[in-house]
$ cat data_29.txt   # compact mmCIF, C-alpha atoms
# COMPACT_ATOMS: atom_id res chain seq x y z
CA MET A 1 0.00 0.00 0.00
CA GLU A 2 1.47 3.37 -1.07
CA ASN A 3 1.34 6.54 1.02
CA GLY A 4 -2.03 8.25 0.65
CA GLU A 5 -3.63 5.16 -0.90
CA ALA A 6 -6.67 3.85 0.95
CA MET A 7 -7.11 0.14 1.58
CA ASP A 8 -10.61 -1.27 2.04
CA ASN A 9 -10.96 -4.14 4.54
CA GLY A 10 -14.72 -4.60 4.59
CA ASP A 11 -16.23 -1.91 6.81
CA VAL A 12 -12.82 -0.57 7.81
CA CYS A 13 -10.47 1.46 5.61
CA SER A 14 -6.84 2.36 6.25
CA MET A 15 -4.32 4.70 4.70
CA LEU A 16 -0.58 5.10 5.16
CA THR A 17 0.43 8.64 6.01
CA ALA A 18 3.46 10.56 4.77
CA ASN A 19 5.21 10.09 8.12
CA GLY A 20 4.85 6.30 7.96
CA GLY A 21 1.92 5.97 10.35
CA GLU A 22 -1.43 4.49 9.43
CA ASN A 23 -4.91 5.98 9.73
CA VAL A 24 -7.76 3.53 10.29
CA TYR A 25 -11.37 4.64 9.88
CA SER A 26 -14.82 3.63 8.67
CA CYS A 27 -15.26 3.17 4.92
CA ILE A 28 -18.63 4.92 5.11
CA GLU A 29 -18.14 8.57 4.21
CA SER A 30 -20.79 9.85 6.60
CA ASP A 31 -19.09 8.00 9.48
CA VAL A 32 -15.71 9.54 8.66
CA SER A 33 -17.27 13.00 8.57
CA SER A 34 -18.92 12.62 11.97
CA ALA A 35 -15.97 10.89 13.70
CA ASP A 36 -14.56 13.53 16.03
CA HIS A 37 -12.54 11.40 18.44
CA LEU A 38 -8.87 10.79 17.59
CA VAL A 39 -7.44 7.58 19.07
CA VAL A 40 -3.64 7.48 18.93
CA MET A 41 -2.15 3.99 19.21
CA VAL A 42 1.52 3.73 20.15
CA HIS A 43 3.67 0.61 19.71
CA GLY A 44 6.46 -0.64 21.95
CA ILE A 45 10.20 -1.05 21.53
CA LEU A 46 11.40 -2.13 18.07
CA GLY A 47 7.75 -2.05 16.96
CA SER A 48 5.78 -0.51 14.11
CA ALA A 49 2.31 0.80 13.27
CA SER A 50 1.22 -2.66 12.13
CA ASP A 51 1.51 -3.94 15.73
CA TRP A 52 -1.76 -2.16 16.55
CA LYS A 53 -3.59 -2.89 13.27
CA PHE A 54 -5.97 -5.46 14.79
CA GLY A 55 -6.77 -3.29 17.81
CA ALA A 56 -7.33 -0.25 15.59
CA GLU A 57 -9.81 -2.14 13.43
CA GLN A 58 -11.69 -3.27 16.55
CA PHE A 59 -12.09 0.33 17.68
CA VAL A 60 -13.47 1.41 14.29
CA LYS A 61 -15.83 -1.58 14.01
CA ARG A 62 -17.23 -0.83 17.46
CA LEU A 63 -17.50 2.95 17.04
CA PRO A 64 -17.43 3.63 13.28
CA ASP A 65 -19.04 7.06 13.41
CA LYS A 66 -17.15 8.25 16.47
CA VAL A 67 -13.45 7.36 16.22
CA PHE A 68 -10.62 8.08 13.81
CA VAL A 69 -7.60 5.93 14.71
CA HIS A 70 -3.98 6.77 14.03
CA CYS A 71 -1.34 4.05 14.50
CA SER A 72 1.92 5.88 15.18
CA GLU A 73 5.14 4.96 13.40
CA ARG A 74 7.31 8.04 13.85
CA ASN A 75 9.40 5.94 16.27
CA MET A 76 9.46 2.63 14.43
CA ALA A 77 12.08 -0.11 14.75
CA ARG A 78 15.55 1.09 15.84
CA LEU A 79 14.30 4.62 16.41
CA THR A 80 12.77 3.27 19.64
CA LEU A 81 16.32 3.09 21.04
CA ASP A 82 16.81 6.87 21.00
CA GLY A 83 15.28 7.51 24.41
CA VAL A 84 11.81 8.09 25.86
CA ASP A 85 12.15 11.87 25.63
CA VAL A 86 13.28 11.94 22.00
CA MET A 87 10.49 9.54 21.05
CA GLY A 88 7.98 11.61 23.01
CA GLU A 89 8.95 14.75 21.12
CA ARG A 90 8.52 12.93 17.80
CA LEU A 91 5.15 11.49 18.82
CA ALA A 92 3.88 14.91 19.88
CA GLU A 93 4.81 16.36 16.48
CA GLU A 94 3.15 13.43 14.72
CA VAL A 95 -0.08 13.90 16.67
CA LEU A 96 -0.20 17.61 15.83
CA GLU A 97 0.21 16.76 12.14
CA VAL A 98 -2.72 14.32 12.29
CA ILE A 99 -4.90 16.90 14.05
CA LYS A 100 -4.02 19.51 11.45
CA GLN A 101 -4.90 17.14 8.58
CA LYS A 102 -8.35 16.29 9.98
CA PRO A 103 -10.33 19.36 10.98
CA GLY A 104 -13.39 18.66 13.09
CA LEU A 105 -11.65 16.52 15.72
CA ARG A 106 -12.80 17.42 19.25
CA LYS A 107 -11.55 14.60 21.48
CA ILE A 108 -8.35 12.60 21.88
CA SER A 109 -7.37 9.30 23.51
CA PHE A 110 -4.14 7.29 23.66
CA VAL A 111 -3.68 3.51 23.71
CA ALA A 112 -0.05 2.50 24.15
CA HIS A 113 1.83 -0.78 24.49
CA SER A 114 4.97 -1.40 26.54
CA VAL A 115 7.51 1.46 26.39
CA GLY A 116 4.98 3.24 24.16
CA GLY A 117 3.08 4.06 27.36
CA LEU A 118 6.06 6.07 28.63
CA VAL A 119 6.49 7.74 25.25
CA ALA A 120 2.81 8.72 25.25
CA ARG A 121 3.10 10.12 28.78
CA TYR A 122 6.01 12.29 27.66
CA ALA A 123 4.20 13.40 24.49
CA ILE A 124 1.06 14.53 26.31
CA GLY A 125 3.25 16.65 28.57
CA LYS A 126 4.36 18.58 25.51
CA LEU A 127 0.85 18.68 23.99
CA TYR A 128 -0.89 19.84 27.17
CA ARG A 129 -2.40 23.29 27.39
CA PRO A 130 -3.81 24.50 30.75
CA PRO A 131 -7.38 25.82 31.00
CA LYS A 132 -7.82 29.42 29.97
CA ARG A 133 -7.92 31.92 32.78
CA GLY A 134 -11.01 34.07 33.15
CA THR A 135 -12.93 36.16 35.66
CA GLY A 136 -13.62 34.92 39.18
CA GLU A 137 -17.10 33.70 38.22
CA GLU A 138 -15.77 31.90 35.13
CA LEU A 139 -13.06 30.19 37.15
CA SER A 140 -15.59 29.09 39.78
CA ALA A 141 -17.81 27.54 37.10
CA ALA A 142 -14.83 25.91 35.42
CA ALA A 143 -13.84 24.19 38.65
CA CYS A 144 -16.89 21.94 38.25
CA ASN A 145 -16.23 21.29 34.58
CA GLU A 146 -14.04 18.37 33.40
CA ALA A 147 -13.07 20.43 30.34
CA SER A 148 -11.42 22.92 32.68
CA LYS A 149 -8.57 20.48 33.21
CA GLY A 150 -6.92 21.63 30.01
CA THR A 151 -6.49 20.19 26.53
CA ILE A 152 -4.13 17.89 24.65
CA GLY A 153 -3.29 19.29 21.25
CA ASP A 154 -6.28 21.63 21.75
CA LEU A 155 -8.56 18.57 21.96
CA GLU A 156 -10.55 17.27 24.93
CA PRO A 157 -8.62 14.43 26.64
CA ILE A 158 -10.79 11.33 27.18
CA ASN A 159 -8.94 8.01 27.70
CA PHE A 160 -5.28 7.28 28.44
CA ILE A 161 -4.75 3.51 28.27
CA THR A 162 -1.47 1.66 28.73
CA VAL A 163 -0.92 -2.02 28.02
CA ALA A 164 1.99 -3.76 29.79
CA SER A 165 3.91 -0.48 30.17
CA PRO A 166 6.88 -0.21 32.59
CA HIS A 167 5.69 2.85 34.53
CA LEU A 168 8.13 2.15 37.37
CA GLY A 169 10.98 1.33 35.05
CA SER A 170 12.21 -2.16 34.23
CA ARG A 171 13.64 -4.90 36.32
CA VAL A 172 13.94 -8.15 34.47
CA PRO A 173 11.06 -10.34 35.82
CA PHE A 174 12.75 -13.70 35.27
CA LEU A 175 15.64 -12.69 37.56
CA PHE A 176 13.24 -12.84 40.52
CA GLY A 177 14.39 -9.57 42.06
CA VAL A 178 18.00 -10.69 42.67
CA THR A 179 19.70 -7.27 42.80
CA ALA A 180 23.14 -8.41 41.60
CA LEU A 181 21.66 -10.17 38.58
CA GLU A 182 19.39 -7.23 37.81
CA ARG A 183 22.31 -4.81 37.87
CA ALA A 184 24.32 -7.07 35.56
CA ALA A 185 21.32 -7.34 33.26
CA GLY A 186 21.02 -3.56 33.38
CA HIS A 187 24.48 -3.14 31.85
CA LEU A 188 23.57 -5.57 29.09
CA VAL A 189 20.27 -3.81 28.41
CA HIS A 190 22.09 -0.47 28.14
CA TRP A 191 24.35 -1.94 25.49
CA ILE A 192 21.44 -3.42 23.51
CA PHE A 193 18.74 -0.77 24.02
CA ARG A 194 21.04 2.25 24.31
CA ARG A 195 19.50 5.47 25.67
CA THR A 196 16.03 3.95 26.02
CA GLY A 197 17.56 1.19 28.14
CA ARG A 198 19.08 3.74 30.52
CA HIS A 199 15.68 5.39 30.91
CA LEU A 200 13.99 2.06 31.57
CA PHE A 201 16.56 0.98 34.17
CA LEU A 202 16.49 4.43 35.82
CA THR A 203 20.25 4.90 35.39
CA ASP A 204 20.22 8.05 33.24
CA ASP A 205 21.62 11.20 34.85
CA ASP A 206 21.66 13.77 32.07
CA GLU A 207 23.41 16.92 33.35
CA GLY A 208 23.06 15.68 36.91
CA LYS A 209 19.25 15.59 36.71
CA PRO A 210 17.15 12.84 38.34
CA PRO A 211 16.21 9.94 36.00
CA LEU A 212 13.71 10.93 33.31
CA LEU A 213 10.92 8.70 34.66
CA ARG A 214 11.29 10.42 38.04
CA ARG A 215 10.98 13.83 36.40
CA MET A 216 7.87 12.63 34.57
CA VAL A 217 5.83 12.18 37.77
CA GLU A 218 5.62 15.91 38.38
CA ASP A 219 5.14 19.20 36.59
CA ASN A 220 8.55 20.76 36.08
CA GLY A 221 10.60 23.02 33.87
CA GLU A 222 10.44 20.54 31.02
CA TYR A 223 6.71 19.89 30.70
CA PRO A 224 3.61 19.65 32.96
CA PHE A 225 3.59 15.85 32.83
CA MET A 226 1.17 15.19 35.68
CA SER A 227 -1.25 17.96 34.77
CA ALA A 228 -1.40 16.41 31.30
CA LEU A 229 -2.08 12.93 32.69
CA ARG A 230 -4.66 14.31 35.13
CA SER A 231 -6.51 16.08 32.30
CA PHE A 232 -7.82 12.76 30.90
CA GLN A 233 -11.26 11.69 32.05
CA ARG A 234 -10.05 8.12 32.42
CA ARG A 235 -6.69 6.37 32.91
CA VAL A 236 -6.43 2.59 32.56
CA ALA A 237 -3.43 0.31 33.12
CA TYR A 238 -3.62 -3.22 31.65
CA SER A 239 -1.08 -5.66 33.10
CA ASN A 240 -0.02 -9.27 32.74
CA VAL A 241 -0.06 -11.02 36.11
CA ASP A 242 2.26 -13.76 34.88
CA TYR A 243 4.38 -15.00 31.95
CA ASP A 244 5.43 -11.49 30.93
CA HIS A 245 9.22 -11.79 30.93
CA ILE A 246 9.75 -8.26 29.64
CA VAL A 247 7.55 -6.02 31.82
CA GLY A 248 6.59 -7.31 35.25
CA TRP A 249 3.17 -7.10 36.88
CA ARG A 250 4.21 -4.60 39.56
CA THR A 251 5.63 -1.96 37.22
CA SER A 252 2.87 -2.22 34.61
CA SER A 253 0.11 -2.00 37.26
CA ILE A 254 1.81 0.79 39.28
CA ARG A 255 1.73 -1.15 42.54
CA ARG A 256 4.05 -1.97 45.38
CA ASN A 257 4.81 -5.65 45.91
CA ASN A 258 2.53 -5.82 48.93
CA GLU A 259 -0.30 -4.30 46.90
CA LEU A 260 -0.38 -7.01 44.24
CA PRO A 261 -3.81 -8.66 44.62
CA LYS A 262 -4.68 -12.32 44.78
CA TRP A 263 -6.40 -13.39 41.60
CA GLU A 264 -8.41 -16.34 40.38
CA ASP A 265 -9.38 -17.69 36.98
CA SER A 266 -12.00 -15.57 35.28
CA MET A 267 -15.55 -16.88 35.20
CA ASP A 268 -16.50 -14.34 32.53
CA GLU A 269 -16.88 -16.04 29.16
CA LYS A 270 -16.83 -12.70 27.33
CA TYR A 271 -13.51 -11.61 28.83
CA PRO A 272 -11.86 -14.89 29.94
CA HIS A 273 -8.36 -13.43 30.33
CA ILE A 274 -9.27 -10.68 32.80
CA VAL A 275 -8.62 -12.01 36.31
CA TYR A 276 -8.80 -8.86 38.46
CA GLU A 277 -10.05 -5.28 38.20
CA GLU A 278 -9.96 -2.35 40.58
CA ARG A 279 -10.49 1.39 40.60
CA CYS A 280 -7.82 3.26 42.52
CA LYS A 281 -8.60 6.69 43.90
CA ALA A 282 -6.01 9.42 43.83
CA CYS A 283 -3.84 9.31 46.95
CA VAL A 284 -3.23 12.64 48.65
CA GLU A 285 -0.87 11.35 51.32
CA LYS A 286 2.43 9.93 50.15
CA LYS A 287 3.52 6.57 51.48
CA ASN A 288 7.03 5.28 52.04
CA GLU A 289 6.93 1.50 51.95
CA PHE A 290 10.62 0.89 51.18
CA THR A 291 13.08 0.82 54.06
CA THR A 292 16.03 -0.85 52.32
CA GLU A 293 18.98 1.47 52.85
CA ASP A 294 21.41 -0.08 50.36
CA ASP A 295 19.16 0.01 47.32
CA GLY A 296 18.42 3.53 46.17
CA LEU A 297 16.49 2.08 43.25
CA ASP A 298 13.76 0.89 45.63
CA GLN A 299 13.36 4.40 47.02
CA LEU A 300 13.25 5.80 43.49
CA GLU A 301 10.51 3.36 42.52
CA GLU A 302 8.58 4.39 45.62
CA GLU A 303 8.72 7.99 44.42
CA LEU A 304 7.36 6.87 41.05
CA VAL A 305 4.46 5.01 42.69
CA ASN A 306 3.65 8.02 44.87
CA GLY A 307 3.77 10.39 41.93
CA LEU A 308 1.59 8.31 39.62
CA SER A 309 -0.87 7.56 42.43
CA CYS A 310 -1.78 11.25 42.62
CA VAL A 311 -4.32 10.55 39.87
CA THR A 312 -7.06 7.94 39.68
CA TRP A 313 -6.44 4.72 37.75
CA GLU A 314 -8.49 1.79 36.60
CA LYS A 315 -6.31 -1.31 36.82
CA VAL A 316 -7.11 -4.39 34.75
CA ASP A 317 -5.04 -7.51 35.41
CA VAL A 318 -4.83 -10.14 32.70
CA SER A 319 -3.57 -13.73 32.54
CA PHE A 320 -2.98 -15.98 29.56
CA HIS A 321 -1.80 -18.92 31.66
CA ASN A 322 -4.31 -21.23 29.97
CA SER A 323 -3.19 -20.18 26.50
CA ARG A 324 -0.59 -22.05 24.47
CA PHE A 325 0.92 -18.65 23.73
CA ARG A 326 1.30 -17.74 27.41
CA PHE A 327 5.10 -17.44 27.23
CA ALA A 328 4.59 -14.58 24.76
CA ALA A 329 2.19 -12.77 27.11
CA HIS A 330 3.86 -9.41 26.55
CA SER A 331 2.92 -9.53 22.88
CA VAL A 332 -0.31 -11.50 23.25
CA ILE A 333 -1.89 -8.84 25.46
CA GLN A 334 -1.49 -6.45 22.53
CA ASP A 335 -2.36 -8.93 19.78
CA SER A 336 -5.62 -9.75 21.53
CA GLY A 337 -6.62 -6.16 20.87
CA GLY A 338 -10.20 -6.98 21.77
CA VAL A 339 -9.17 -6.90 25.44
CA VAL A 340 -8.68 -3.18 25.09
CA ALA A 341 -11.12 -2.38 22.33
CA MET A 342 -14.12 -4.18 23.80
CA LEU A 343 -13.70 -2.54 27.18
CA TYR A 344 -13.37 0.89 25.67
CA THR A 345 -16.18 3.24 26.67
CA GLU A 346 -17.06 6.28 24.63
CA ASN A 347 -17.58 9.47 26.62
$ encode --input "data_29.txt" --output "structure tokens"
Amino acid sequence: MENGEAMDNGDVCSMLTANGGENVYSCIESDVSSADHLVVMVHGILGSASDWKFGAEQFVKRLPDKVFVHCSERNMARLTLDGVDVMGERLAEEVLEVIKQKPGLRKISFVAHSVGGLVARYAIGKLYRPPKRGTGEELSAAACNEASKGTIGDLEPINFITVASPHLGSRVPFLFGVTALERAAGHLVHWIFRRTGRHLFLTDDDEGKPPLLRRMVEDNGEYPFMSALRSFQRRVAYSNVDYDHIVGWRTSSIRRNNELPKWEDSMDEKYPHIVYEERCKACVEKKNEFTTEDDGLDQLEEELVNGLSCVTWEKVDVSFHNSRFRFAAHSVIQDSGGVVAMLYTEN
């Protein structure tokens, strides 16, 4: 398929964009005209736009007259090794280009897999615009209005969904938390995954600054990261409870070890892989669960949990332990795009 050439797949059409991404939308012209909700889908490390093709089609089939889906590819393949911040800058530019090309968009959501969740969090920090200031009466009325939380790319933020994303950074799950092995693995990951690896293992110290993921749990001189995340009506974290040997359950679900819930096999035939769900309210008081003095990484992760817990989250825990593809859970959770698409709610 050439750039700008539409491909018809039944009720769903797709078109490659000049920047290498792919737009997915209804083939019915009236649906395309009325669709005012941009859904940006972001792939993980060494990925491409095609990774989200199935999930994108599910969104359009479910909400043909409401959503216009863009599968990002500005950071495809080896470009995912350039660092979370560099990728976030690229993604933000890509999103603005899509918005410019389709007038009439009013809402925006993000669905991101693996490290793509971190990239999306960085990008929204750049795209965020605070609510406009007004008179005292206008500000009082705005306080009760969700739209007063600001915009993303001048659009109303609706859903921010991550799928197996390492929000607390990465420790290799199959090393069972053995610090010496994890540190050794960290050096290897840096060599393979370059700058992105340093961000994931929280070992970057650009110009003496705290690690990037630590800076991304607050509003600072770079971008208002948390205000941007808070602006969305809904935040959802999908996590694999087992068999994900790339991103562990704790980091993808933004929980401390002692907060990981007990789960049982799902009795829901419609969503058989979902084994636990919870809605977490924003925590005002910060906790300090780590007391280990010789592992500064634990304290750093605690700061990440505290920072990200300042906003509400819906947490959906998934298990593919009965699937023959369970050892590829990190990819399967994305490939089974229906897990995300069918639980998506239009606001």
$ closest_residue --input "data_29.txt" --among "A:Gly21, A:Gly197, A:Pro261, A:Gly153" --to "Asp51 in chain A" --atoms "only C-alpha atoms"
A:Gly21
$ residues_around --input "data_29.txt" --residues "Tyr276 in chain A" --least-positions-apart "4" --cutoff "10 Å" --atoms "only C-alpha atoms" --output "PDB file with C-alpha atoms, in the coordinates of the input"
ATOM      1  CA  SER A 239      -1.080  -5.660  33.100  1.00  0.00           C
ATOM      2  CA  VAL A 241      -0.060 -11.020  36.110  1.00  0.00           C
ATOM      3  CA  PRO A 261      -3.810  -8.660  44.620  1.00  0.00           C
ATOM      4  CA  LYS A 262      -4.680 -12.320  44.780  1.00  0.00           C
ATOM      5  CA  TRP A 263      -6.400 -13.390  41.600  1.00  0.00           C
ATOM      6  CA  GLU A 264      -8.410 -16.340  40.380  1.00  0.00           C
ATOM      7  CA  ASP A 265      -9.380 -17.690  36.980  1.00  0.00           C
ATOM      8  CA  SER A 266     -12.000 -15.570  35.280  1.00  0.00           C
ATOM      9  CA  LYS A 315      -6.310  -1.310  36.820  1.00  0.00           C
ATOM     10  CA  VAL A 316      -7.110  -4.390  34.750  1.00  0.00           C
ATOM     11  CA  ASP A 317      -5.040  -7.510  35.410  1.00  0.00           C
ATOM     12  CA  VAL A 318      -4.830 -10.140  32.700  1.00  0.00           C
ATOM     13  CA  SER A 319      -3.570 -13.730  32.540  1.00  0.00           C
TER      14      SER A 319
END
$ closest_residue --input "data_29.txt" --among "A:Ser48, A:Ser227, A:Gln58, A:Thr203" --to "Val24 in chain A" --atoms "all atoms listed in the file"
A:Gln58
$ closest_residue --input "data_29.txt" --among "A:Ile161, A:Ser50, A:Ser170, A:Leu79" --to "Asp298 in chain A" --atoms "only C-alpha atoms"
A:Ser170
$ atom_distance --input "data_29.txt" --atom1 "CA of Pro166 in chain A" --atom2 "CA of Ile108 in chain A"
22.6 Å
$ atom_distance --input "data_29.txt" --atom1 "CA of Val95 in chain A" --atom2 "CA of Val39 in chain A"
10.0 Å
$ closest_residue --input "data_29.txt" --among "A:Pro210, A:Gly150, A:Gly221, A:Pro64" --to "Gln233 in chain A" --atoms "all atoms listed in the file"
A:Gly150
$ atom_distance --input "data_29.txt" --atom1 "CA of Glu156 in chain A" --atom2 "CA of Phe68 in chain A"
14.4 Å
$ axis_aligned_box --input "data_29.txt" --around "range 103-117 of chain A" --padding-each-side "5 Å" --output "AutoDock Vina command-line options"
--center_x -2.9 --center_y 9.0 --center_z 19.2 --size_x 30.9 --size_y 30.8 --size_z 26.4
$ residues_around --input "data_29.txt" --residues "Val305 in chain A" --least-positions-apart "6" --cutoff "8 Å" --atoms "all atoms listed in the file" --output "ChimeraX atom specification"
/A:168,254-256
$ residues_near_point --input "data_29.txt" --point "(1.7, 4.3, 29.4)" --cutoff "8 Å" --atoms "all atoms listed in the file" --output "count of residues only"
19
$ build_atoms --input "data_29.txt" --residues "range 48-58 of chain A" --atoms "all heavy atoms" --output "compact mmCIF listing (two decimals), in the frame of the given file"
# COMPACT_ATOMS: atom_id res chain seq x y z
N SER A 48 6.22 -1.30 15.26
CA SER A 48 5.78 -0.51 14.11
C SER A 48 4.27 -0.31 14.18
O SER A 48 3.59 -0.90 15.02
CB SER A 48 6.14 -1.22 12.80
OG SER A 48 5.36 -2.40 12.64
N ALA A 49 3.73 0.49 13.28
CA ALA A 49 2.31 0.80 13.27
C ALA A 49 1.47 -0.46 13.11
O ALA A 49 0.36 -0.56 13.64
CB ALA A 49 1.99 1.80 12.16
N SER A 50 1.99 -1.44 12.39
CA SER A 50 1.22 -2.66 12.13
C SER A 50 0.95 -3.46 13.40
O SER A 50 0.04 -4.29 13.44
CB SER A 50 1.95 -3.54 11.11
OG SER A 50 3.22 -3.93 11.61
N ASP A 51 1.72 -3.21 14.47
CA ASP A 51 1.51 -3.94 15.73
C ASP A 51 0.11 -3.70 16.29
O ASP A 51 -0.42 -4.54 17.01
CB ASP A 51 2.55 -3.51 16.77
CG ASP A 51 3.96 -3.90 16.39
OD1 ASP A 51 4.12 -4.63 15.40
OD2 ASP A 51 4.90 -3.46 17.07
N TRP A 52 -0.45 -2.52 16.01
CA TRP A 52 -1.76 -2.16 16.55
C TRP A 52 -2.88 -2.29 15.51
O TRP A 52 -4.00 -1.84 15.76
CB TRP A 52 -1.75 -0.73 17.08
CG TRP A 52 -1.34 -0.59 18.52
CD1 TRP A 52 -0.31 0.14 19.01
CD2 TRP A 52 -1.98 -1.17 19.67
NE1 TRP A 52 -0.26 0.06 20.39
CE2 TRP A 52 -1.28 -0.75 20.81
CE3 TRP A 52 -3.08 -2.02 19.84
CZ2 TRP A 52 -1.64 -1.12 22.11
CZ3 TRP A 52 -3.44 -2.40 21.13
CH2 TRP A 52 -2.72 -1.96 22.23
N LYS A 53 -2.59 -2.86 14.34
CA LYS A 53 -3.59 -2.89 13.27
C LYS A 53 -4.88 -3.58 13.71
O LYS A 53 -5.98 -3.09 13.46
CB LYS A 53 -3.01 -3.61 12.04
CG LYS A 53 -3.92 -3.60 10.81
CD LYS A 53 -4.11 -2.20 10.29
CE LYS A 53 -5.02 -2.19 9.06
NZ LYS A 53 -4.42 -2.87 7.91
N PHE A 54 -4.78 -4.74 14.36
CA PHE A 54 -5.97 -5.46 14.79
C PHE A 54 -6.77 -4.64 15.80
O PHE A 54 -7.99 -4.49 15.67
CB PHE A 54 -5.59 -6.81 15.40
CG PHE A 54 -6.77 -7.59 15.93
CD1 PHE A 54 -7.62 -8.26 15.08
CD2 PHE A 54 -7.04 -7.63 17.30
CE1 PHE A 54 -8.71 -8.97 15.57
CE2 PHE A 54 -8.13 -8.33 17.79
CZ PHE A 54 -8.97 -9.00 16.92
N GLY A 55 -6.08 -4.09 16.80
CA GLY A 55 -6.77 -3.29 17.81
C GLY A 55 -7.44 -2.07 17.20
O GLY A 55 -8.55 -1.71 17.58
N ALA A 56 -6.77 -1.43 16.24
CA ALA A 56 -7.33 -0.25 15.59
C ALA A 56 -8.62 -0.60 14.85
O ALA A 56 -9.61 0.14 14.91
CB ALA A 56 -6.31 0.34 14.62
N GLU A 57 -8.61 -1.73 14.16
CA GLU A 57 -9.81 -2.14 13.43
C GLU A 57 -10.96 -2.44 14.37
O GLU A 57 -12.12 -2.17 14.06
CB GLU A 57 -9.48 -3.36 12.56
CG GLU A 57 -8.55 -3.04 11.40
CD GLU A 57 -8.17 -4.27 10.59
OE1 GLU A 57 -8.47 -5.40 11.05
OE2 GLU A 57 -7.58 -4.11 9.50
N GLN A 58 -10.65 -2.98 15.57
CA GLN A 58 -11.69 -3.27 16.55
C GLN A 58 -12.35 -1.98 17.04
O GLN A 58 -13.56 -1.91 17.22
CB GLN A 58 -11.11 -4.04 17.73
CG GLN A 58 -10.58 -5.42 17.38
CD GLN A 58 -11.63 -6.28 16.71
OE1 GLN A 58 -12.72 -6.47 17.24
NE2 GLN A 58 -11.29 -6.80 15.55
